Amino acid sequence: MKNTRTLRRGMAGLIALVLAGACTPAPAQTPANSGFDLDPDWPQPFQENWVLGSVTGVAVDGRGHIWVTHAQGMATAAAHGAAADPPVSLCCVPAPGVMEFDRQGALVQSWDTSSGDYAWPDVPHGIYVDHNDFVWVASRPHHQLLKFDRDGELVLTIGELDVTAGSNDPDRLGNPAGVWVDPGTNEVFVADGYRNRRVVVYDGESGEYLRHWGAYGETPDDDYVYGPRGADAPPARQFGTVHGIVGSADGLIYVADRRNNRVQVFQQDGTFVQEKVVAPATLASGSAFDVALSPGPDQDFLYLMDGTNHKIWVLQRSDLEVVDELGRGGYQVGQFVRPHNIATDAEGNIYTSEAETKRVQRFVPRGAYAP
């Protein structure tokens with residue numbers, strides 16, 4: 001009898017659960033991944049027990065090769081057991097600070113950044129390969145911008161090592177976060193960044209200072225006091241965290257103002273054009289981490305990396321309206337935890353870096369996103 005009563009109670013509970021499920025609305029379908037498919041085989045497995053730290057930069061060069069930089073020390077001690085002195089395990093060691101992959105995800109080369117005659121940052125922040133194959137890395141903790149040739153030889157340094165002097169200083173940076181180089185003028189646009197509150201422009205050959213501007217194209221003000229944040233808060237008159245930057249083929253500069261949850265658009269001389277606030281209720285680090293453009297003659301879409309809500313927002317470039325989104329939070333492939341940087345190639349593929357999950361992923365376009 002006891003077993004019969006137990007069975008009846010179990011069946012009753014099961015029926016209740018089924019009925020409850022039938023009365024509960026199905027989860028809303030989001031457009032996540034609606035226009036892209038994850039490529040689970042990219043990149044190919046690393047060699048020699050390499051592991052990545054927080055991945056803080058991804059870029060695509062003119063050959064369609066993908067470049068990655070990461071914070072080698074920002075991994076758990078267990079992940080670097082083979083690098084301990086003495087080793088505590090058979091695996092693993094930090095991957096080199098800069099890595100180049102071909103389109104298929106095979107490693108082409110890597111740099112031993114510990115052997116150069118320069119101060120390699122603990123947290124390199126942003127990487128960009130320009131039209132002349134020079135590789136630019138923002139050294140966030142050292143207030144510098146480093147320019148290398150393709151083989152990893154340093155050819156130019158902008159900024160003074162470990163010295164900053166505020167947002168209106170022409171020669172010194174303040175925790176720079178991202179870089180983009182105009183192929184027509186060879187001008188270097190820097191998202192400068194964590195300490196300073198500006199976009200600053202230098203000559204790509206000489207490193208000579210050219211100009212700078214703050215939010216809305218106004219003069220940066222380091223004494224500005226930010227008001228309350230949230231969906232109903234008025235827009236800040238100064239940049240919060242100038243974190244990502246990209247230029248378009250028609251001469252516009254798109255800036256990811258991370259903490260202020262917005263993208264601001266400028267002409268190359270700093271004239272303000274428009275802005276778009278995305279996910280305005282986002283607090284913490286904000287919703288606007290990095291920006292990239294779709295390929296094609298009109299570059300129809302702007303992709304906004306959101307490292308707090310763990311997704312990519314797809315904006316229509318013509319009016320900056322949000323038309324789609326990609327991904328969601330999670331540790332599985334195709335998901336994100338603290339996505340940090342974004343880049344695109346000529347085939348419309350999206351490459352993403354993650355600071356928390358310490359990986360790079362590739363998403364392949366279809367439909368309207370395929371060029």
# chains A, B, ... in the order shown; residues from 1 in each chain; ligands from 1
>>> residues_around(residues="A:Glu160", least_positions_apart="2", cutoff="10 Å", atoms="only C-alpha atoms", output="list in words")
His142, His143, Gln144, Leu145, Thr157, Ile158, Asp162, Val163, Thr164, Ala165, Asp171, Arg172, Leu173 and Gly174 of chain A
>>> residues_around(residues="A:Asp223", least_positions_apart="3", cutoff="10 Å", atoms="only C-alpha atoms", output="list in words")
Pro220, Tyr226 and Gln238 of chain A
>>> select_by_dssp(residues="stretch 14-141 of chain A", states="helix (DSSP H, G or I)", output="ChimeraX atom specification")
/A:14-23,77-83
>>> write_last_selection(atoms="N, CA and C atoms", output="CSV table (one decimal), in the first residue's frame")
chain,number,residue,atom,x,y,z
A,14,LEU,N,3.6,14.8,-11.2
A,14,LEU,CA,4.0,14.9,-12.6
A,14,LEU,C,2.9,15.5,-13.4
A,15,ILE,N,1.7,15.1,-13.1
A,15,ILE,CA,0.5,15.8,-13.9
A,15,ILE,C,0.5,17.3,-13.6
A,16,ALA,N,0.7,17.7,-12.3
A,16,ALA,CA,0.7,19.1,-11.9
A,16,ALA,C,1.8,19.8,-12.7
A,17,LEU,N,3.0,19.2,-12.8
A,17,LEU,CA,4.1,19.9,-13.5
A,17,LEU,C,3.7,20.1,-14.9
A,18,VAL,N,3.1,19.0,-15.6
A,18,VAL,CA,2.8,19.1,-17.0
A,18,VAL,C,1.8,20.2,-17.2
A,19,LEU,N,0.7,20.2,-16.3
A,19,LEU,CA,-0.3,21.2,-16.5
A,19,LEU,C,0.2,22.6,-16.2
A,20,ALA,N,1.1,22.8,-15.3
A,20,ALA,CA,1.7,24.1,-15.0
A,20,ALA,C,2.5,24.5,-16.3
A,21,GLY,N,3.2,23.6,-16.9
A,21,GLY,CA,4.0,23.9,-18.1
A,21,GLY,C,3.1,24.3,-19.2
A,22,ALA,N,1.9,23.7,-19.3
A,22,ALA,CA,1.0,24.0,-20.4
A,22,ALA,C,0.4,25.4,-20.2
A,23,CYS,N,0.3,25.8,-18.9
A,23,CYS,CA,-0.3,27.2,-18.7
A,23,CYS,C,0.8,28.3,-18.6
A,77,ALA,N,45.9,30.2,-11.6
A,77,ALA,CA,47.2,29.5,-11.3
A,77,ALA,C,47.1,28.1,-11.8
A,78,ALA,N,46.0,27.4,-11.7
A,78,ALA,CA,45.9,26.0,-12.2
A,78,ALA,C,46.1,25.9,-13.7
A,79,ALA,N,45.7,27.0,-14.4
A,79,ALA,CA,45.8,26.9,-15.9
A,79,ALA,C,47.3,27.0,-16.3
A,80,HIS,N,48.2,27.6,-15.4
A,80,HIS,CA,49.6,27.8,-15.8
A,80,HIS,C,50.5,26.9,-15.0
A,81,GLY,N,50.0,25.7,-14.6
A,81,GLY,CA,50.8,24.8,-13.7
A,81,GLY,C,52.1,24.4,-14.3
A,82,ALA,N,52.2,24.2,-15.6
A,82,ALA,CA,53.5,23.8,-16.2
A,82,ALA,C,54.5,25.0,-16.3
A,83,ALA,N,54.0,26.2,-16.1
A,83,ALA,CA,54.9,27.4,-16.1
A,83,ALA,C,55.4,27.7,-14.7
>>> closest_residue(among="A:Gly35, A:Gly217, A:Pro124, A:Gly73", to="A:Val199", atoms="only C-alpha atoms")
A:Gly217
>>> select_by_dssp(residues="stretch 71-251 of chain A", states="strand (DSSP E)", output="VMD selection string")
chain A and resid 71 93 to 94 98 to 101 107 to 111 124 to 129 135 to 139 144 to 148 154 to 158 176 to 181 187 to 192 198 to 203 209 to 213 242 to 247
>>> closest_residue(among="A:Gly334, A:Phe36, A:Thr76, A:Val277", to="A:Ala231", atoms="only C-alpha atoms")
A:Val277
>>> residues_around(residues="stretch 54-59 of chain A", least_positions_apart="2", cutoff="8 Å", atoms="only C-alpha atoms", output="ChimeraX atom specification")
/A:52,61,66-72,74-75,123-129,340-344,351-360
>>> residues_around(residues="A:Gln299", least_positions_apart="2", cutoff="12 Å", atoms="only C-alpha atoms", output="PyMOL selection string")
chain A and resi 247-252+292-297+301-303+315-318+344-346+348+368-371
>>> closest_atom_pairs(of="stretch 147-191 of chain A", to="stretch 207-215 of chain A", cutoff="10 Å", atoms="only C-alpha atoms", output="Markdown table")
| residue | atom | partner | partner_atom | distance |
| --- | --- | --- | --- | --- |
| A:Lys147 | CA | A:Gly207 | CA | 9.8 |
| A:Leu156 | CA | A:Gly207 | CA | 7.3 |
| A:Thr157 | CA | A:Gly207 | CA | 7.5 |
| A:Ile158 | CA | A:Gly207 | CA | 6.0 |
| A:Gly159 | CA | A:Gly207 | CA | 9.1 |
| A:Ser167 | CA | A:Gly214 | CA | 8.5 |
| A:Asn168 | CA | A:His212 | CA | 7.8 |
| A:Asp169 | CA | A:His212 | CA | 9.4 |
| A:Pro170 | CA | A:Tyr209 | CA | 6.0 |
| A:Asp171 | CA | A:Tyr209 | CA | 6.6 |
| A:Arg172 | CA | A:Tyr209 | CA | 9.7 |
| A:Glu187 | CA | A:Leu210 | CA | 8.6 |
| A:Val188 | CA | A:Gly207 | CA | 8.5 |
| A:Phe189 | CA | A:His212 | CA | 9.0 |
| A:Val190 | CA | A:His212 | CA | 9.2 |
>>> closest_residue(among="A:Gln44, A:Glu153, A:Pro234, A:His131", to="A:Gly184", atoms="only C-alpha atoms")
A:His131
>>> residues_around(residues="A:Tyr224", least_positions_apart="6", cutoff="10 Å", atoms="only C-alpha atoms", output="list in words")
Ala236, Arg237, Gln238 and Phe239 of chain A
>>> write_last_selection(atoms="N, CA and C atoms", output="PDB file, in the first residue's frame")
ATOM      1  N   ALA A 236      25.398  62.104 -20.362  1.00  0.00           N
ATOM      2  CA  ALA A 236      26.587  62.760 -19.826  1.00  0.00           C
ATOM      3  C   ALA A 236      27.220  63.636 -20.899  1.00  0.00           C
ATOM      4  N   ARG A 237      27.722  64.782 -20.513  1.00  0.00           N
ATOM      5  CA  ARG A 237      28.343  65.699 -21.465  1.00  0.00           C
ATOM      6  C   ARG A 237      29.806  65.346 -21.732  1.00  0.00           C
ATOM      7  N   GLN A 238      30.351  64.415 -20.975  1.00  0.00           N
ATOM      8  CA  GLN A 238      31.717  63.954 -21.187  1.00  0.00           C
ATOM      9  C   GLN A 238      31.706  62.444 -21.427  1.00  0.00           C
ATOM     10  N   PHE A 239      32.726  61.961 -22.127  1.00  0.00           N
ATOM     11  CA  PHE A 239      32.869  60.521 -22.291  1.00  0.00           C
ATOM     12  C   PHE A 239      33.003  59.863 -20.929  1.00  0.00           C
TER      13      PHE A 239
END
>>> closest_residue(among="A:Asp39, A:Asp122, A:Asp133, A:Asp221", to="A:Arg103", atoms="only C-alpha atoms")
A:Asp39
>>> residues_around(residues="A:Met305", least_positions_apart="4", cutoff="12 Å", atoms="only C-alpha atoms", output="JSON list (two decimals) with C-alpha atoms, in the first residue's frame")
[["chain", "number", "residue", "atom", "x", "y", "z"],
["A", 243, "HIS", "CA", 36.69, 51.97, -25.11],
["A", 244, "GLY", "CA", 36.37, 51.16, -28.82],
["A", 245, "ILE", "CA", 36.77, 53.00, -32.11],
["A", 255, "VAL", "CA", 33.23, 55.62, -30.74],
["A", 256, "ALA", "CA", 32.05, 53.12, -28.13],
["A", 257, "ASP", "CA", 31.53, 55.12, -24.94],
["A", 258, "ARG", "CA", 31.29, 52.12, -22.66],
["A", 261, "ASN", "CA", 25.91, 53.00, -22.92],
["A", 262, "ARG", "CA", 26.26, 54.78, -26.21],
["A", 263, "VAL", "CA", 27.89, 55.10, -29.59],
["A", 278, "VAL", "CA", 21.78, 51.17, -26.35],
["A", 279, "ALA", "CA", 20.34, 49.32, -23.33],
["A", 286, "GLY", "CA", 27.98, 49.76, -19.45],
["A", 287, "SER", "CA", 26.78, 48.33, -22.75],
["A", 288, "ALA", "CA", 29.16, 49.85, -25.36],
["A", 289, "PHE", "CA", 32.49, 47.99, -25.34],
["A", 290, "ASP", "CA", 33.64, 47.91, -28.97],
["A", 291, "VAL", "CA", 32.43, 48.60, -32.50],
["A", 292, "ALA", "CA", 32.93, 47.05, -35.93],
["A", 293, "LEU", "CA", 31.38, 47.54, -39.35],
["A", 309, "ASN", "CA", 24.71, 42.17, -21.16],
["A", 310, "HIS", "CA", 26.88, 39.57, -22.94],
["A", 311, "LYS", "CA", 25.75, 40.04, -26.52],
["A", 312, "ILE", "CA", 26.32, 41.88, -29.77],
["A", 313, "TRP", "CA", 23.81, 44.51, -30.83],
["A", 314, "VAL", "CA", 23.28, 44.96, -34.57],
["A", 315, "LEU", "CA", 22.57, 48.56, -35.57],
["A", 325, "GLU", "CA", 21.26, 40.93, -31.73],
["A", 326, "LEU", "CA", 23.71, 38.06, -31.57],
["A", 327, "GLY", "CA", 24.50, 35.74, -28.68],
["A", 328, "ARG", "CA", 23.58, 35.58, -25.03],
["A", 336, "PHE", "CA", 29.49, 35.05, -24.19],
["A", 337, "VAL", "CA", 30.73, 35.99, -20.76],
["A", 338, "ARG", "CA", 32.36, 39.41, -20.74],
["A", 339, "PRO", "CA", 32.79, 39.77, -24.49],
["A", 340, "HIS", "CA", 35.34, 42.50, -25.00],
["A", 341, "ASN", "CA", 36.37, 43.15, -28.63],
["A", 342, "ILE", "CA", 34.93, 42.58, -32.08],
["A", 343, "ALA", "CA", 36.28, 42.59, -35.64],
["A", 350, "ILE", "CA", 32.51, 38.29, -36.97],
["A", 351, "TYR", "CA", 35.41, 37.57, -34.60],
["A", 352, "THR", "CA", 34.96, 38.09, -30.88],
["A", 353, "SER", "CA", 37.25, 38.12, -27.87],
["A", 354, "GLU", "CA", 36.21, 37.42, -24.28]]
>>> decode(residues="stretch 197-233 of chain A", atoms="N, CA and C atoms", output="PDB file, in the first residue's frame")
ATOM      1  N   ARG A 197      39.511  61.240 -21.326  1.00  0.00           N
ATOM      2  CA  ARG A 197      38.113  61.287 -21.787  1.00  0.00           C
ATOM      3  C   ARG A 197      38.061  61.856 -23.208  1.00  0.00           C
ATOM      4  N   ARG A 198      38.761  61.164 -24.130  1.00  0.00           N
ATOM      5  CA  ARG A 198      38.885  61.778 -25.447  1.00  0.00           C
ATOM      6  C   ARG A 198      39.169  60.755 -26.532  1.00  0.00           C
ATOM      7  N   VAL A 199      39.006  61.227 -27.762  1.00  0.00           N
ATOM      8  CA  VAL A 199      39.614  60.637 -28.945  1.00  0.00           C
ATOM      9  C   VAL A 199      40.792  61.541 -29.302  1.00  0.00           C
ATOM     10  N   VAL A 200      41.961  60.933 -29.543  1.00  0.00           N
ATOM     11  CA  VAL A 200      43.133  61.715 -29.908  1.00  0.00           C
ATOM     12  C   VAL A 200      43.719  61.147 -31.196  1.00  0.00           C
ATOM     13  N   VAL A 201      44.219  62.029 -32.058  1.00  0.00           N
ATOM     14  CA  VAL A 201      44.666  61.644 -33.393  1.00  0.00           C
ATOM     15  C   VAL A 201      46.140  62.001 -33.554  1.00  0.00           C
ATOM     16  N   TYR A 202      46.912  61.023 -34.094  1.00  0.00           N
ATOM     17  CA  TYR A 202      48.330  61.216 -34.346  1.00  0.00           C
ATOM     18  C   TYR A 202      48.655  60.859 -35.794  1.00  0.00           C
ATOM     19  N   ASP A 203      49.795  61.350 -36.275  1.00  0.00           N
ATOM     20  CA  ASP A 203      50.308  60.930 -37.567  1.00  0.00           C
ATOM     21  C   ASP A 203      50.887  59.519 -37.440  1.00  0.00           C
ATOM     22  N   GLY A 204      50.484  58.633 -38.349  1.00  0.00           N
ATOM     23  CA  GLY A 204      50.876  57.241 -38.223  1.00  0.00           C
ATOM     24  C   GLY A 204      52.325  56.964 -38.527  1.00  0.00           C
ATOM     25  N   GLU A 205      52.998  57.872 -39.203  1.00  0.00           N
ATOM     26  CA  GLU A 205      54.412  57.680 -39.533  1.00  0.00           C
ATOM     27  C   GLU A 205      55.321  58.260 -38.452  1.00  0.00           C
ATOM     28  N   SER A 206      55.056  59.494 -38.078  1.00  0.00           N
ATOM     29  CA  SER A 206      55.946  60.188 -37.140  1.00  0.00           C
ATOM     30  C   SER A 206      55.483  60.115 -35.692  1.00  0.00           C
ATOM     31  N   GLY A 207      54.195  59.856 -35.467  1.00  0.00           N
ATOM     32  CA  GLY A 207      53.644  59.910 -34.120  1.00  0.00           C
ATOM     33  C   GLY A 207      53.317  61.315 -33.663  1.00  0.00           C
ATOM     34  N   GLU A 208      53.395  62.290 -34.567  1.00  0.00           N
ATOM     35  CA  GLU A 208      53.111  63.685 -34.211  1.00  0.00           C
ATOM     36  C   GLU A 208      51.633  63.862 -33.850  1.00  0.00           C
ATOM     37  N   TYR A 209      51.404  64.613 -32.761  1.00  0.00           N
ATOM     38  CA  TYR A 209      50.040  64.939 -32.342  1.00  0.00           C
ATOM     39  C   TYR A 209      49.357  65.823 -33.388  1.00  0.00           C
ATOM     40  N   LEU A 210      48.071  65.523 -33.671  1.00  0.00           N
ATOM     41  CA  LEU A 210      47.313  66.298 -34.647  1.00  0.00           C
ATOM     42  C   LEU A 210      46.117  67.018 -34.024  1.00  0.00           C
ATOM     43  N   ARG A 211      45.292  66.318 -33.253  1.00  0.00           N
ATOM     44  CA  ARG A 211      44.089  66.934 -32.678  1.00  0.00           C
ATOM     45  C   ARG A 211      43.454  65.951 -31.692  1.00  0.00           C
ATOM     46  N   HIS A 212      42.489  66.463 -30.925  1.00  0.00           N
ATOM     47  CA  HIS A 212      41.711  65.588 -30.045  1.00  0.00           C
ATOM     48  C   HIS A 212      40.377  66.248 -29.749  1.00  0.00           C
ATOM     49  N   TRP A 213      39.446  65.447 -29.234  1.00  0.00           N
ATOM     50  CA  TRP A 213      38.132  65.957 -28.845  1.00  0.00           C
ATOM     51  C   TRP A 213      37.490  65.038 -27.822  1.00  0.00           C
ATOM     52  N   GLY A 214      36.486  65.584 -27.146  1.00  0.00           N
ATOM     53  CA  GLY A 214      35.721  64.822 -26.178  1.00  0.00           C
ATOM     54  C   GLY A 214      34.322  64.526 -26.691  1.00  0.00           C
ATOM     55  N   ALA A 215      33.430  64.136 -25.794  1.00  0.00           N
ATOM     56  CA  ALA A 215      32.045  63.833 -26.155  1.00  0.00           C
ATOM     57  C   ALA A 215      31.412  65.045 -26.830  1.00  0.00           C
ATOM     58  N   TYR A 216      30.567  64.770 -27.821  1.00  0.00           N
ATOM     59  CA  TYR A 216      29.881  65.807 -28.600  1.00  0.00           C
ATOM     60  C   TYR A 216      30.856  66.739 -29.324  1.00  0.00           C
ATOM     61  N   GLY A 217      32.118  66.321 -29.457  1.00  0.00           N
ATOM     62  CA  GLY A 217      33.115  67.138 -30.123  1.00  0.00           C
ATOM     63  C   GLY A 217      33.619  68.291 -29.291  1.00  0.00           C
ATOM     64  N   GLU A 218      33.278  68.314 -27.999  1.00  0.00           N
ATOM     65  CA  GLU A 218      33.652  69.410 -27.124  1.00  0.00           C
ATOM     66  C   GLU A 218      35.008  69.145 -26.475  1.00  0.00           C
ATOM     67  N   THR A 219      35.536  70.148 -25.815  1.00  0.00           N
ATOM     68  CA  THR A 219      36.810  69.998 -25.112  1.00  0.00           C
ATOM     69  C   THR A 219      36.641  69.064 -23.919  1.00  0.00           C
ATOM     70  N   PRO A 220      37.493  68.075 -23.761  1.00  0.00           N
ATOM     71  CA  PRO A 220      37.373  67.183 -22.600  1.00  0.00           C
ATOM     72  C   PRO A 220      37.577  67.939 -21.289  1.00  0.00           C
ATOM     73  N   ASP A 221      36.834  67.522 -20.280  1.00  0.00           N
ATOM     74  CA  ASP A 221      36.903  68.158 -18.971  1.00  0.00           C
ATOM     75  C   ASP A 221      37.092  67.065 -17.927  1.00  0.00           C
ATOM     76  N   ASP A 222      38.304  66.953 -17.400  1.00  0.00           N
ATOM     77  CA  ASP A 222      38.601  65.909 -16.418  1.00  0.00           C
ATOM     78  C   ASP A 222      37.974  66.183 -15.060  1.00  0.00           C
ATOM     79  N   ASP A 223      37.458  67.378 -14.825  1.00  0.00           N
ATOM     80  CA  ASP A 223      36.812  67.710 -13.556  1.00  0.00           C
ATOM     81  C   ASP A 223      35.294  67.535 -13.608  1.00  0.00           C
ATOM     82  N   TYR A 224      34.798  67.120 -14.752  1.00  0.00           N
ATOM     83  CA  TYR A 224      33.358  66.937 -14.907  1.00  0.00           C
ATOM     84  C   TYR A 224      32.851  65.880 -13.918  1.00  0.00           C
ATOM     85  N   VAL A 225      31.723  66.186 -13.266  1.00  0.00           N
ATOM     86  CA  VAL A 225      31.125  65.264 -12.301  1.00  0.00           C
ATOM     87  C   VAL A 225      29.926  64.592 -12.960  1.00  0.00           C
ATOM     88  N   TYR A 226      29.968  63.272 -13.046  1.00  0.00           N
ATOM     89  CA  TYR A 226      28.879  62.534 -13.673  1.00  0.00           C
ATOM     90  C   TYR A 226      27.668  62.479 -12.758  1.00  0.00           C
ATOM     91  N   GLY A 227      26.499  62.568 -13.365  1.00  0.00           N
ATOM     92  CA  GLY A 227      25.254  62.472 -12.619  1.00  0.00           C
ATOM     93  C   GLY A 227      24.816  61.024 -12.458  1.00  0.00           C
ATOM     94  N   PRO A 228      23.591  60.812 -12.013  1.00  0.00           N
ATOM     95  CA  PRO A 228      23.081  59.446 -11.849  1.00  0.00           C
ATOM     96  C   PRO A 228      22.978  58.739 -13.190  1.00  0.00           C
ATOM     97  N   ARG A 229      23.056  57.419 -13.144  1.00  0.00           N
ATOM     98  CA  ARG A 229      22.958  56.608 -14.349  1.00  0.00           C
ATOM     99  C   ARG A 229      21.613  55.897 -14.372  1.00  0.00           C
ATOM    100  N   GLY A 230      21.230  55.421 -15.535  1.00  0.00           N
ATOM    101  CA  GLY A 230      19.974  54.702 -15.665  1.00  0.00           C
ATOM    102  C   GLY A 230      19.214  55.140 -16.894  1.00  0.00           C
ATOM    103  N   ALA A 231      18.106  54.444 -17.147  1.00  0.00           N
ATOM    104  CA  ALA A 231      17.348  54.668 -18.375  1.00  0.00           C
ATOM    105  C   ALA A 231      16.803  56.081 -18.485  1.00  0.00           C
ATOM    106  N   ASP A 232      16.507  56.721 -17.345  1.00  0.00           N
ATOM    107  CA  ASP A 232      15.909  58.054 -17.378  1.00  0.00           C
ATOM    108  C   ASP A 232      16.909  59.171 -17.119  1.00  0.00           C
ATOM    109  N   ALA A 233      18.169  58.825 -16.984  1.00  0.00           N
ATOM    110  CA  ALA A 233      19.177  59.838 -16.679  1.00  0.00           C
ATOM    111  C   ALA A 233      19.507  60.659 -17.923  1.00  0.00           C
TER     112      ALA A 233
END
